[in-house]
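Asks: This is input_23.tsv, which holds TSV, C-alpha atoms:
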chain	number	residue	atom	x	y	z
J	1	MET	CA	-26.53	9.83	-25.34
J	2	ALA	CA	-23.42	11.03	-27.13
J	3	TYR	CA	-19.72	10.30	-27.52
J	4	SER	CA	-17.49	12.72	-25.63
J	5	THR	CA	-14.23	13.80	-27.21
J	6	THR	CA	-12.35	16.30	-25.12
J	7	SER	CA	-8.67	15.59	-25.75
J	8	THR	CA	-6.30	14.54	-28.50
J	9	SER	CA	-6.64	10.92	-27.46
J	10	THR	CA	-10.41	10.73	-27.75
J	11	TYR	CA	-11.49	10.15	-31.31
J	12	LEU	CA	-12.99	7.40	-33.46
J	13	TYR	CA	-11.59	6.10	-36.73
J	14	ARG	CA	-11.77	3.46	-39.40
J	15	THR	CA	-9.15	2.40	-41.93
J	16	ALA	CA	-10.93	-0.10	-44.18
J	17	SER	CA	-14.09	-0.24	-46.29
J	18	LEU	CA	-14.37	3.52	-46.38
J	19	PRO	CA	-16.62	5.89	-48.36
J	20	ALA	CA	-15.38	7.18	-51.70
J	21	PRO	CA	-14.44	10.88	-51.52
J	22	ASN	CA	-16.86	11.76	-54.30
J	23	THR	CA	-19.80	9.54	-53.39
J	24	PHE	CA	-20.78	9.99	-49.80
J	25	THR	CA	-22.97	11.81	-47.32
J	26	ALA	CA	-22.23	12.01	-43.60
J	27	CYS	CA	-24.32	13.65	-40.92
J	28	GLY	CA	-24.71	13.77	-37.18
J	29	TRP	CA	-25.12	15.97	-34.15
J	30	CYS	CA	-22.36	17.93	-32.47
J	31	TYR	CA	-21.77	20.05	-29.39
J	32	CYS	CA	-18.55	22.02	-29.20
J	33	THR	CA	-17.45	23.16	-25.77
J	34	SER	CA	-14.69	25.62	-26.67
J	35	SER	CA	-12.21	26.30	-29.42
J	36	VAL	CA	-8.93	24.41	-29.73
J	37	SER	CA	-8.34	26.03	-33.15
J	38	PHE	CA	-9.79	24.03	-36.01
J	39	ASN	CA	-12.01	21.67	-34.01
J	40	ALA	CA	-12.60	18.84	-36.47
J	41	LEU	CA	-15.92	17.01	-36.68
J	42	PHE	CA	-15.52	14.54	-39.54
J	43	THR	CA	-12.60	13.87	-41.87
J	44	LEU	CA	-11.80	11.62	-44.80
J	45	ILE	CA	-8.04	11.24	-45.14
J	46	SER	CA	-5.70	9.97	-47.85
J	47	GLY	CA	-2.21	9.30	-46.54
J	48	SER	CA	-1.43	12.38	-44.50
J	49	SER	CA	-3.78	14.66	-46.44
J	50	ASP	CA	-7.22	15.70	-45.26
J	51	GLU	CA	-9.39	15.28	-48.37
J	52	ARG	CA	-12.92	15.95	-47.15
J	53	LEU	CA	-13.46	17.71	-43.86
J	54	ILE	CA	-15.99	19.71	-41.88
J	55	GLN	CA	-14.60	21.71	-38.99
J	56	PHE	CA	-14.52	24.97	-37.09
J	57	GLY	CA	-11.90	27.55	-37.94
J	58	SER	CA	-9.39	29.26	-35.68
J	59	SER	CA	-12.32	30.18	-33.48
J	60	LEU	CA	-15.84	28.83	-33.05
J	61	ALA	CA	-17.14	31.87	-34.92
J	62	VAL	CA	-15.90	30.27	-38.15
J	63	PHE	CA	-17.28	27.00	-39.53
J	64	GLY	CA	-16.48	25.50	-42.90
J	65	ILE	CA	-15.73	22.62	-45.22
J	66	TYR	CA	-12.37	21.69	-46.74
J	67	ASP	CA	-11.84	19.69	-49.92
J	68	GLY	CA	-8.12	18.98	-49.61
J	69	SER	CA	-7.24	22.22	-51.33
J	70	THR	CA	-9.54	25.03	-50.29
J	71	THR	CA	-11.55	25.91	-47.23
J	72	THR	CA	-15.04	27.30	-47.85
J	73	ASN	CA	-16.69	28.80	-44.81
J	74	PHE	CA	-20.38	29.01	-44.05
J	75	ALA	CA	-21.79	32.51	-43.84
J	76	SER	CA	-22.33	31.89	-40.14
J	77	SER	CA	-21.31	29.42	-37.49
J	78	PRO	CA	-23.31	27.47	-34.91
J	79	GLY	CA	-20.70	28.47	-32.34
J	80	GLY	CA	-20.05	26.70	-29.07
J	81	GLY	CA	-22.23	25.57	-26.22
J	82	VAL	CA	-25.14	24.44	-28.40
J	83	TRP	CA	-26.17	21.19	-30.01
J	84	PHE	CA	-26.42	21.41	-33.78
J	85	PHE	CA	-27.01	19.03	-36.68
J	86	TRP	CA	-24.40	18.90	-39.45
J	87	ALA	CA	-24.02	17.17	-42.80
J	88	LEU	CA	-21.36	16.88	-45.47
J	89	SER	CA	-21.76	15.41	-48.94
J	90	CYS	CA	-19.72	15.25	-52.09
J	91	THR	CA	-19.88	14.24	-55.69
J	92	SER	CA	-17.75	15.50	-58.52
J	93	GLY	CA	-18.89	18.59	-60.38
J	94	THR	CA	-19.43	22.28	-59.87
J	95	ASN	CA	-20.54	23.18	-56.34
J	96	ASN	CA	-21.19	19.54	-55.46
J	97	PHE	CA	-19.13	19.54	-52.26
J	98	LYS	CA	-21.79	20.63	-49.77
J	99	GLY	CA	-22.01	21.38	-46.09
J	100	TYR	CA	-25.06	21.91	-43.89
J	101	TRP	CA	-25.74	22.86	-40.29
J	102	SER	CA	-28.87	23.55	-38.27
J	103	LEU	CA	-29.39	24.35	-34.61
J	104	ALA	CA	-31.55	22.20	-32.36
J	105	SER	CA	-33.70	25.24	-31.73
J	106	SER	CA	-34.32	26.06	-35.40
J	107	ASN	CA	-35.60	24.52	-38.60
J	108	THR	CA	-33.31	26.70	-40.71
J	109	PHE	CA	-30.46	24.98	-42.54
J	110	VAL	CA	-27.33	26.98	-43.29
J	111	THR	CA	-25.60	25.63	-46.38
J	112	VAL	CA	-22.36	26.10	-48.26
J	113	SER	CA	-21.02	24.55	-51.42
J	114	ALA	CA	-17.80	24.34	-53.38
J	115	THR	CA	-16.40	22.48	-56.34
J	116	PRO	CA	-14.42	19.56	-54.93
J	117	ALA	CA	-10.76	19.15	-55.72
J	118	ALA	CA	-9.50	15.77	-56.85
J	119	ALA	CA	-8.88	13.45	-53.93
J	120	GLY	CA	-6.66	10.46	-53.35
J	121	THR	CA	-7.90	7.10	-52.21
J	122	ILE	CA	-9.34	7.43	-48.73
J	123	ASP	CA	-7.51	5.30	-46.19
J	124	THR	CA	-8.74	6.78	-42.92
J	125	MET	CA	-12.06	8.17	-41.70
J	126	ARG	CA	-12.14	10.05	-38.43
J	127	LEU	CA	-14.72	11.42	-36.08
J	128	SER	CA	-12.87	14.15	-34.20
J	129	ASN	CA	-9.13	14.18	-34.82
J	130	ASP	CA	-5.84	13.92	-32.98
J	131	VAL	CA	-3.82	15.55	-35.72
J	132	ALA	CA	-2.34	18.90	-34.67
J	133	ASN	CA	-4.61	18.99	-31.64
J	134	GLU	CA	-7.62	19.50	-33.91
J	135	TYR	CA	-9.98	17.38	-31.85
J	136	LEU	CA	-13.64	18.18	-31.54
J	137	ASN	CA	-13.53	19.18	-27.88
J	138	GLY	CA	-17.18	18.38	-27.33
J	139	ASN	CA	-19.72	15.68	-28.02
J	140	ALA	CA	-20.83	13.81	-31.13
J	141	ALA	CA	-24.02	11.80	-31.61
J	142	HIS	CA	-26.16	9.89	-34.10
J	143	ILE	CA	-23.59	9.54	-36.91
J	144	LYS	CA	-24.97	8.28	-40.24
J	145	ILE	CA	-22.99	7.79	-43.43
J	146	TRP	CA	-24.21	6.75	-46.89
J	147	ASP	CA	-22.43	5.69	-50.04
J	148	ALA	CA	-24.62	8.12	-51.93
J	149	VAL	CA	-25.26	11.82	-52.18
J	150	LEU	CA	-28.44	12.74	-50.34
J	151	THR	CA	-30.52	15.71	-51.37
J	152	GLN	CA	-31.04	18.55	-48.91
J	153	ALA	CA	-34.61	17.35	-48.40
J	154	GLU	CA	-33.33	13.90	-47.47
J	155	ILE	CA	-30.72	15.39	-45.14
J	156	GLU	CA	-33.35	17.50	-43.40
J	157	GLN	CA	-35.40	14.35	-42.76
J	158	GLU	CA	-32.48	12.86	-40.87
J	159	LYS	CA	-32.21	15.71	-38.38
J	160	TRP	CA	-34.91	14.72	-35.91
J	161	SER	CA	-34.43	10.98	-35.84
J	162	VAL	CA	-31.68	8.86	-34.34
J	163	ARG	CA	-32.75	6.07	-36.68
J	164	PRO	CA	-31.87	6.57	-40.36
J	165	GLN	CA	-34.82	7.60	-42.50
J	166	ARG	CA	-33.05	6.59	-45.70
J	167	ILE	CA	-31.89	2.99	-45.65
J	168	ALA	CA	-30.65	2.70	-49.25
J	169	ASN	CA	-26.87	2.93	-49.55
J	170	LEU	CA	-26.45	3.18	-45.79
J	171	HIS	CA	-22.75	2.77	-45.07
J	172	LEU	CA	-22.60	3.18	-41.29
J	173	TRP	CA	-24.96	4.15	-38.48
J	174	SER	CA	-23.59	4.83	-35.02
J	175	PRO	CA	-26.07	6.21	-32.48
J	176	LEU	CA	-23.10	6.48	-30.06
J	177	PHE	CA	-25.32	5.82	-27.07
J	178	LYS	CA	-23.02	3.63	-25.05
J	179	ASP	CA	-20.72	2.10	-27.62
J	180	ASP	CA	-19.01	2.93	-30.92
J	181	PHE	CA	-20.66	0.14	-32.90
J	182	ASP	CA	-22.13	0.33	-36.38
J	183	TYR	CA	-25.83	-0.55	-36.20
J	184	SER	CA	-26.38	-0.56	-39.98
J	185	GLY	CA	-25.68	-4.27	-40.19
J	186	ASN	CA	-22.59	-3.61	-42.28
J	187	GLY	CA	-20.19	-4.38	-39.43
J	188	LYS	CA	-18.29	-1.11	-39.74
J	189	ASN	CA	-17.63	-0.47	-36.08
J	190	TRP	CA	-15.37	2.42	-35.17
J	191	THR	CA	-12.00	1.92	-33.54
J	192	SER	CA	-11.45	4.15	-30.55
J	193	GLY	CA	-8.35	6.28	-30.14
J	194	GLY	CA	-8.75	6.09	-26.37
J	195	ALA	CA	-11.24	5.26	-23.67
J	196	ASP	CA	-14.80	5.98	-24.77
J	197	THR	CA	-16.88	8.29	-22.59
J	198	PHE	CA	-20.59	8.89	-23.15
J	199	VAL	CA	-22.65	11.85	-21.98
J	200	ASP	CA	-26.17	13.20	-22.43
J	201	GLY	CA	-27.03	13.81	-26.07
J	202	PRO	CA	-29.20	16.20	-28.09
J	203	SER	CA	-33.00	16.47	-27.90
J	204	VAL	CA	-33.56	13.94	-30.65
J	205	GLY	CA	-35.96	11.01	-30.46
J	206	TRP	CA	-35.31	7.55	-31.83
J	207	GLY	CA	-37.90	7.94	-34.55
J	208	ALA	CA	-40.30	5.14	-33.61
J	209	GLN	CA	-44.03	5.55	-33.10
J	210	PRO	CA	-46.06	4.72	-29.99
J	211	TYR	CA	-47.94	1.44	-30.08
J	212	MET	CA	-51.68	1.82	-30.28
J	213	VAL	CA	-53.17	-1.35	-28.86
J	214	GLY	CA	-56.09	-3.01	-30.55
J	215	ALA	CA	-56.31	-0.70	-33.54
J	216	VAL	CA	-58.86	-1.87	-36.06
J	217	GLY	CA	-58.15	-1.87	-39.77
J	218	ALA	CA	-57.32	-3.96	-42.78
J	219	ALA	CA	-54.36	-6.23	-42.16
J	220	ALA	CA	-52.54	-4.86	-45.17
J	221	ALA	CA	-52.63	-1.40	-43.63
J	222	HIS	CA	-50.72	-2.51	-40.55
J	223	THR	CA	-47.14	-1.41	-40.88
J	224	PRO	CA	-44.92	-2.78	-38.09
J	225	GLY	CA	-43.81	0.05	-35.86
J	226	SER	CA	-46.41	2.45	-37.15
J	227	ILE	CA	-48.96	4.17	-35.02
J	228	TYR	CA	-51.63	1.89	-36.46
J	229	SER	CA	-49.92	-1.35	-35.57
J	230	SER	CA	-51.75	-3.78	-33.37
J	231	ILE	CA	-49.83	-5.67	-30.74
J	232	SER	CA	-50.75	-8.32	-28.21
J	233	LEU	CA	-49.61	-7.93	-24.65
O	1	MET	CA	-62.44	-4.44	-17.77
O	2	ALA	CA	-59.51	-2.13	-18.16
O	3	THR	CA	-58.10	-1.80	-21.65
O	4	THR	CA	-54.56	-0.94	-22.64
O	5	ARG	CA	-54.75	1.88	-25.16
O	6	PHE	CA	-51.13	2.82	-25.76
O	7	ALA	CA	-47.69	1.46	-24.97
O	8	LEU	CA	-45.38	4.47	-24.93
O	9	THR	CA	-41.80	3.36	-25.37
O	10	PRO	CA	-38.59	5.36	-24.88
O	11	GLU	CA	-37.90	5.11	-28.62
O	12	SER	CA	-41.19	6.82	-29.45
O	13	ALA	CA	-40.68	9.79	-27.12
O	14	HIS	CA	-39.84	13.25	-28.39
O	15	PHE	CA	-38.28	16.06	-26.48
O	16	PRO	CA	-38.28	19.78	-25.71
O	17	ALA	CA	-35.14	21.74	-26.53
O	18	THR	CA	-33.95	21.81	-22.92
O	19	ASN	CA	-34.41	19.82	-19.71
O	20	PHE	CA	-35.29	16.49	-21.27
O	21	PRO	CA	-34.46	12.96	-20.11
O	22	ALA	CA	-31.56	11.30	-21.86
O	23	LEU	CA	-32.58	8.57	-24.27
O	24	SER	CA	-30.22	5.82	-23.23
O	25	THR	CA	-29.87	2.09	-22.81
O	26	VAL	CA	-29.33	-0.09	-19.77
O	27	ASN	CA	-28.33	-3.66	-20.51
O	28	ALA	CA	-29.53	-3.06	-24.09
O	29	ARG	CA	-32.96	-1.94	-22.83
O	30	PRO	CA	-34.02	1.50	-24.06
O	31	VAL	CA	-34.71	3.84	-21.13
O	32	LEU	CA	-35.46	7.47	-20.47
O	33	ALA	CA	-33.10	8.67	-17.75
O	34	PHE	CA	-34.83	11.25	-15.57
O	35	ASP	CA	-32.43	13.34	-13.51
O	36	THR	CA	-32.69	13.66	-9.74
O	37	THR	CA	-32.07	17.42	-9.50
O	38	THR	CA	-33.46	18.88	-12.74
O	39	SER	CA	-37.09	18.39	-13.64
O	40	GLU	CA	-37.01	16.83	-17.10
O	41	THR	CA	-39.87	16.36	-19.54
O	42	CYS	CA	-40.66	14.31	-22.62
O	43	TYR	CA	-43.69	13.86	-24.84
O	44	TRP	CA	-45.55	11.31	-26.88
O	45	THR	CA	-48.00	12.16	-29.65
O	46	VAL	CA	-50.95	9.86	-30.38
O	47	VAL	CA	-54.45	9.99	-31.76
O	48	ALA	CA	-57.22	9.37	-29.25
O	49	PRO	CA	-58.59	6.00	-30.41
O	50	GLN	CA	-62.11	5.44	-31.64
O	51	GLY	CA	-64.26	4.05	-28.86
O	52	LEU	CA	-62.46	5.97	-26.15
O	53	THR	CA	-65.00	6.89	-23.49
O	54	GLY	CA	-63.66	5.93	-20.09
O	55	ALA	CA	-61.27	7.48	-17.60
O	56	LEU	CA	-57.58	7.15	-18.39
O	57	SER	CA	-54.62	6.30	-16.24
O	58	ALA	CA	-50.89	6.19	-16.87
O	59	ILE	CA	-48.83	3.34	-15.50
O	60	ILE	CA	-45.16	4.31	-15.45
O	61	HIS	CA	-42.67	1.46	-15.29
O	62	PHE	CA	-39.29	2.47	-13.89
O	63	PHE	CA	-36.26	1.46	-11.88
O	64	GLY	CA	-33.48	3.38	-10.20
O	65	ASN	CA	-29.86	3.89	-11.08
O	66	ALA	CA	-28.87	3.11	-7.50
O	67	ALA	CA	-29.80	0.68	-4.79
O	68	GLY	CA	-32.16	1.58	-1.99
O	69	THR	CA	-35.77	2.45	-1.41
O	70	ALA	CA	-36.78	6.08	-1.93
O	71	GLY	CA	-39.57	7.94	-3.63
O	72	VAL	CA	-39.79	9.03	-7.25
O	73	ALA	CA	-42.53	11.49	-8.23
O	74	PHE	CA	-43.90	11.89	-11.72
O	75	ASP	CA	-46.27	14.35	-13.34
O	76	VAL	CA	-48.37	13.37	-16.35
O	77	ALA	CA	-50.23	15.98	-18.38
O	78	VAL	CA	-52.54	15.63	-21.36
O	79	GLU	CA	-53.10	18.03	-24.23
O	80	ALA	CA	-56.05	17.14	-26.48
O	81	VAL	CA	-56.76	19.20	-29.57
O	82	THR	CA	-59.86	18.69	-31.66
O	83	PRO	CA	-59.74	20.02	-35.24
O	84	GLY	CA	-61.26	23.49	-35.09
O	85	ASP	CA	-60.12	24.22	-31.55
O	86	ALA	CA	-58.83	27.75	-31.00
O	87	VAL	CA	-55.36	26.68	-29.93
O	88	ASP	CA	-52.50	28.40	-31.75
O	89	LEU	CA	-50.13	25.47	-32.19
O	90	ASP	CA	-47.51	27.90	-33.51
O	91	SER	CA	-47.05	29.58	-30.19
O	92	ALA	CA	-49.07	27.92	-27.45
O	93	THR	CA	-49.69	24.67	-25.68
O	94	SER	CA	-52.91	23.68	-23.96
O	95	PHE	CA	-51.91	20.99	-21.49
O	96	ASP	CA	-54.48	20.32	-18.82
O	97	THR	CA	-53.44	20.52	-15.14
O	98	VAL	CA	-50.85	17.91	-14.31
O	99	ASN	CA	-51.73	14.65	-12.61
O	100	GLY	CA	-49.13	13.56	-10.06
O	101	GLY	CA	-48.12	10.37	-8.35
O	102	ASN	CA	-45.15	8.70	-6.77
O	103	ALA	CA	-43.78	5.30	-5.85
O	104	ALA	CA	-40.68	4.01	-4.12
O	105	THR	CA	-37.83	2.36	-5.92
O	106	LEU	CA	-37.16	-1.22	-4.93
O	107	ALA	CA	-34.27	-2.02	-2.63
O	108	THR	CA	-32.25	-3.89	-5.22
O	109	GLN	CA	-30.83	-1.80	-8.07
O	110	GLY	CA	-32.27	-2.90	-11.38
O	111	HIS	CA	-35.53	-4.21	-9.97
O	112	GLN	CA	-38.43	-2.53	-11.69
O	113	THR	CA	-41.53	-1.05	-10.10
O	114	SER	CA	-44.40	1.07	-11.36
O	115	VAL	CA	-46.66	3.90	-10.37
O	116	SER	CA	-50.24	4.30	-11.55
O	117	ILE	CA	-51.50	7.85	-12.01
O	118	THR	CA	-55.17	8.46	-12.67
O	119	LEU	CA	-55.51	11.09	-15.38
O	120	THR	CA	-58.29	13.04	-13.76
O	121	ASN	CA	-57.25	16.02	-15.85
O	122	ALA	CA	-57.24	14.50	-19.34
O	123	ASP	CA	-58.16	17.66	-21.24
O	124	SER	CA	-61.46	16.04	-22.29
O	125	ALA	CA	-59.68	13.85	-24.80
O	126	ALA	CA	-62.19	12.41	-27.23
O	127	ALA	CA	-61.93	9.91	-30.05
O	128	GLY	CA	-60.07	11.36	-33.00
O	129	ASP	CA	-58.31	14.12	-31.07
O	130	TYR	CA	-54.68	14.95	-31.56
O	131	VAL	CA	-53.22	14.14	-28.16
O	132	ARG	CA	-49.88	14.84	-26.56
O	133	ILE	CA	-48.93	13.15	-23.33
O	134	SER	CA	-46.28	14.81	-21.22
O	135	LEU	CA	-44.22	12.96	-18.61
O	136	ALA	CA	-41.97	14.78	-16.15
O	137	ARG	CA	-40.14	13.79	-13.02
O	138	ASP	CA	-41.28	16.20	-10.31
O	139	VAL	CA	-38.02	16.67	-8.42
O	140	ALA	CA	-39.58	19.51	-6.40
O	141	ASP	CA	-42.20	17.17	-4.96
O	142	ALA	CA	-41.49	16.36	-1.33
O	143	ASN	CA	-42.08	12.70	-2.15
O	144	ASP	CA	-39.23	12.66	-4.67
O	145	THR	CA	-36.33	11.58	-2.45
O	146	PHE	CA	-34.47	9.14	-4.69
O	147	ALA	CA	-31.01	10.66	-5.23
O	148	ALA	CA	-30.20	9.16	-8.63
O	149	ASP	CA	-31.61	8.87	-12.12
O	150	ALA	CA	-34.98	7.17	-12.53
O	151	TYR	CA	-35.01	4.97	-15.64
O	152	VAL	CA	-38.43	4.84	-17.30
O	153	THR	CA	-38.82	1.77	-19.51
O	154	LEU	CA	-42.45	2.05	-20.55
O	155	VAL	CA	-45.62	4.04	-19.98
O	156	GLU	CA	-48.94	2.27	-20.42
O	157	ILE	CA	-52.02	4.39	-21.07
O	158	ARG	CA	-54.99	2.44	-19.79
O	159	GLU	CA	-58.70	3.08	-20.12
O	160	ALA	CA	-60.73	2.10	-17.06
What do you get writing this file as structure tokens?
Replies:
Amino acid sequence: MAYSTTSTSTYLYRTASLPAPNTFTACGWCYCTSSVSFNALFTLISGSSDERLIQFGSSLAVFGIYDGSTTTNFASSPGGGVWFFWALSCTSGTNNFKGYWSLASSNTFVTVSATPAAAGTIDTMRLSNDVANEYLNGNAAHIKIWDAVLTQAEIEQEKWSVRPQRIANLHLWSPLFKDDFDYSGNGKNWTSGGADTFVDGPSVGWGAQPYMVGAVGAAAAHTPGSIYSSISL
Amino acid sequence: MATTRFALTPESAHFPATNFPALSTVNARPVLAFDTTTSETCYWTVVAPQGLTGALSAIIHFFGNAAGTAGVAFDVAVEAVTPGDAVDLDSATSFDTVNGGNAATLATQGHQTSVSITLTNADSAAAGDYVRISLARDVADANDTFAADAYVTLVEIREA
């Protein structure tokens, strides 16, 4: 399932216990229906300034990241009408503000990087946006945020699993199935800008393994949830 | 005595790029929501367990997203690949002919029922094989008359 945001009044936000602008990674899945000019996916805000942002441009043919000073566009855009995976990470230093996207139908990751500008203290985090009508106009799913900078290899591991593969430094995990709760255990639920609506999501599994019943092996080799777990019915 | 071999949960399913059941929850229970008008498919990947020799069947546990008694038809297919088989996994699948079955939803919405489908066509799955199990709702089947989503909660793979 996925969270549907199709107007200025449908967005999710938080205003406390937020990621630092230079020590975070965010990722999720997105489906954009049509352009509203600068459809925003994910934004970290200081006061009235967007400090870290991933969004489409004036049309869905343009997709980029914004560091509060400069927009850096990807060489290509996922466009509209398709589910795609996206990620944004930042740490200080040359070319350490990084964006990623990858279509559901491809294993190729398109990347872009820039040197991040200085940022103020983050006081708002938004999924979609109601500022200047720059809402997502589509669907968002499986949002994961870390207080750490993940490598591209780690980010790629997150694509095909609703459940986070990296647990360390997990800040927030919102599957957005039927609620806007944080399932990381950190209690960082989203606040909704309007009534939440949920729709069908991308072709991504939860990330668990089937139970094989009565598997034989050394007890120490039995990892709960693994294909070799033994369960009693 | 029949033996349960696998318990295939919604959380362990994986999906094709299009026409797949939504992974959702109902009353905090994970479900796969199979549409009433579009035939949707999902998969599970397992290893055929050591000692597997008997006939297999799939028991699909489900309930409807509406009240009333009407039929829901499912197709289950098995793809078994033994190392060395001449199946190009890059570009081809080798699912055996589907095995079909149907059962009626119960009159009260939320009450669960099940359908047992004998996997006559199990692609000669043998111990140690890489096995994919495909589940689809067969909305084109004349027995599929339930006009709402069918929520699958669990699929048991049983050896006779």
Asks: Pick from J:Gln165, J:Ser105, J:Asn139, J:Thr197: nearest to chain O, with only C-alpha atoms counted?
Replies: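 Distance minimum relative to chain O lands on J:Ser105.
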Asks: As an exercise, work out the distance from CA of Met125 (chain J) to CA of Leu44 (chain J) in Å and give it to one decimal place.
Replies: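 Straight-line distance from CA of Met125 (chain J) to CA of Leu44 (chain J) works out to 4.6 Å.
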Asks: Please determine, counting all atoms listed in the file, which residue among J:Met1, J:Pro19, J:Phe24, J:Leu172 has the shortest atom-to-atom distance to chain O.
Replies: J:Met1
Asks: Using only C-alpha atoms, pick whichever of O:Leu8, O:Ala126, O:Val72, O:Ala28 has the shortest atom-to-atom distance to Thr145 (chain O).
Replies: O:Val72
Asks: For chain J, which of O:Thr97, O:Thr118, O:Ser24, O:Ser39 is the closest residue, counting all atoms listed in the file?
Replies: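 Closest candidate: O:Ser24.
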Asks: I need the chain O residues near chain J as an MDAnalysis selection string; criterion: at most 12 Å, counting all atoms listed in the file.
Replies: chainID O and resid 3:35 40:52 131:133 154:159
Asks: Give me, as number ranges by chain, all polymer residues having an atom no more than 6 Å from Thr124 (chain J), counting only C-alpha atoms and skipping those fewer than 6 positions away in the same chain.
Replies: J: 14-15, 45
Asks: Take the selection from the previous step and output its residues with C-alpha atoms, as an mmCIF file, in the frame of the given file.
Replies:
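Full text of selection.cif as output:
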data_model
loop_
_atom_site.group_PDB
_atom_site.id
_atom_site.type_symbol
_atom_site.label_atom_id
_atom_site.label_comp_id
_atom_site.auth_asym_id
_atom_site.auth_seq_id
_atom_site.Cartn_x
_atom_site.Cartn_y
_atom_site.Cartn_z
ATOM 1 C CA ARG J 14 -11.770 3.460 -39.400
ATOM 2 C CA THR J 15 -9.150 2.400 -41.930
ATOM 3 C CA ILE J 45 -8.040 11.240 -45.140
#
Asks: As an exercise, work out the distance from CA of Glu51 (chain J) to CA of Trp173 (chain J) in Å and give it to one decimal place.
Replies: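 Computing it gives 21.5 Å between the two atoms.
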Asks: May I ask for the distance between CA of Leu53 (chain J) and CA of Asn129 (chain J), given in Å to one decimal place?
Replies: 10.6 Å
Asks: Name the closest residue to Leu119 (chain O) among the candidates O:Leu135, O:Val81, O:Ala67, O:Val98; distances are taken between atoms, counting only C-alpha atoms.
Replies: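 So, comparing all the options, the nearest one is O:Val98.
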Asks: N, CA and C atoms are what I want for region 38-51 of chain O; can you complete it accordingly and write them as a short mmCIF file (atom, residue, chain, number, x, y, z; two decimals), in the coordinates of the input?
Replies:
data_model
loop_
_atom_site.label_atom_id
_atom_site.label_comp_id
_atom_site.auth_asym_id
_atom_site.auth_seq_id
_atom_site.Cartn_x
_atom_site.Cartn_y
_atom_site.Cartn_z
N THR O 38 -32.80 18.04 -11.75
CA THR O 38 -33.46 18.88 -12.74
C THR O 38 -34.75 18.22 -13.20
N SER O 39 -35.83 18.95 -13.16
CA SER O 39 -37.09 18.39 -13.64
C SER O 39 -37.04 18.28 -15.16
N GLU O 40 -37.13 17.07 -15.66
CA GLU O 40 -37.01 16.83 -17.10
C GLU O 40 -38.33 16.29 -17.66
N THR O 41 -38.57 16.64 -18.92
CA THR O 41 -39.87 16.36 -19.54
C THR O 41 -39.68 15.71 -20.90
N CYS O 42 -40.61 14.82 -21.24
CA CYS O 42 -40.66 14.31 -22.62
C CYS O 42 -42.13 14.16 -23.01
N TYR O 43 -42.33 13.91 -24.30
CA TYR O 43 -43.69 13.86 -24.84
C TYR O 43 -43.89 12.64 -25.73
N TRP O 44 -45.13 12.25 -25.84
CA TRP O 44 -45.55 11.31 -26.88
C TRP O 44 -46.76 11.91 -27.59
N THR O 45 -46.85 11.69 -28.87
CA THR O 45 -48.00 12.16 -29.65
C THR O 45 -48.78 10.96 -30.19
N VAL O 46 -50.09 10.97 -29.93
CA VAL O 46 -50.95 9.86 -30.38
C VAL O 46 -52.27 10.45 -30.88
N VAL O 47 -53.08 9.59 -31.46
CA VAL O 47 -54.45 9.99 -31.76
C VAL O 47 -55.35 9.27 -30.76
N ALA O 48 -56.29 10.01 -30.18
CA ALA O 48 -57.22 9.37 -29.25
C ALA O 48 -58.03 8.33 -30.02
N PRO O 49 -58.00 7.07 -29.59
CA PRO O 49 -58.59 6.00 -30.41
C PRO O 49 -60.12 6.05 -30.44
N GLN O 50 -60.65 5.57 -31.53
CA GLN O 50 -62.11 5.44 -31.64
C GLN O 50 -62.60 4.51 -30.53
N GLY O 51 -63.71 4.85 -29.93
CA GLY O 51 -64.26 4.05 -28.86
C GLY O 51 -63.83 4.49 -27.48
#
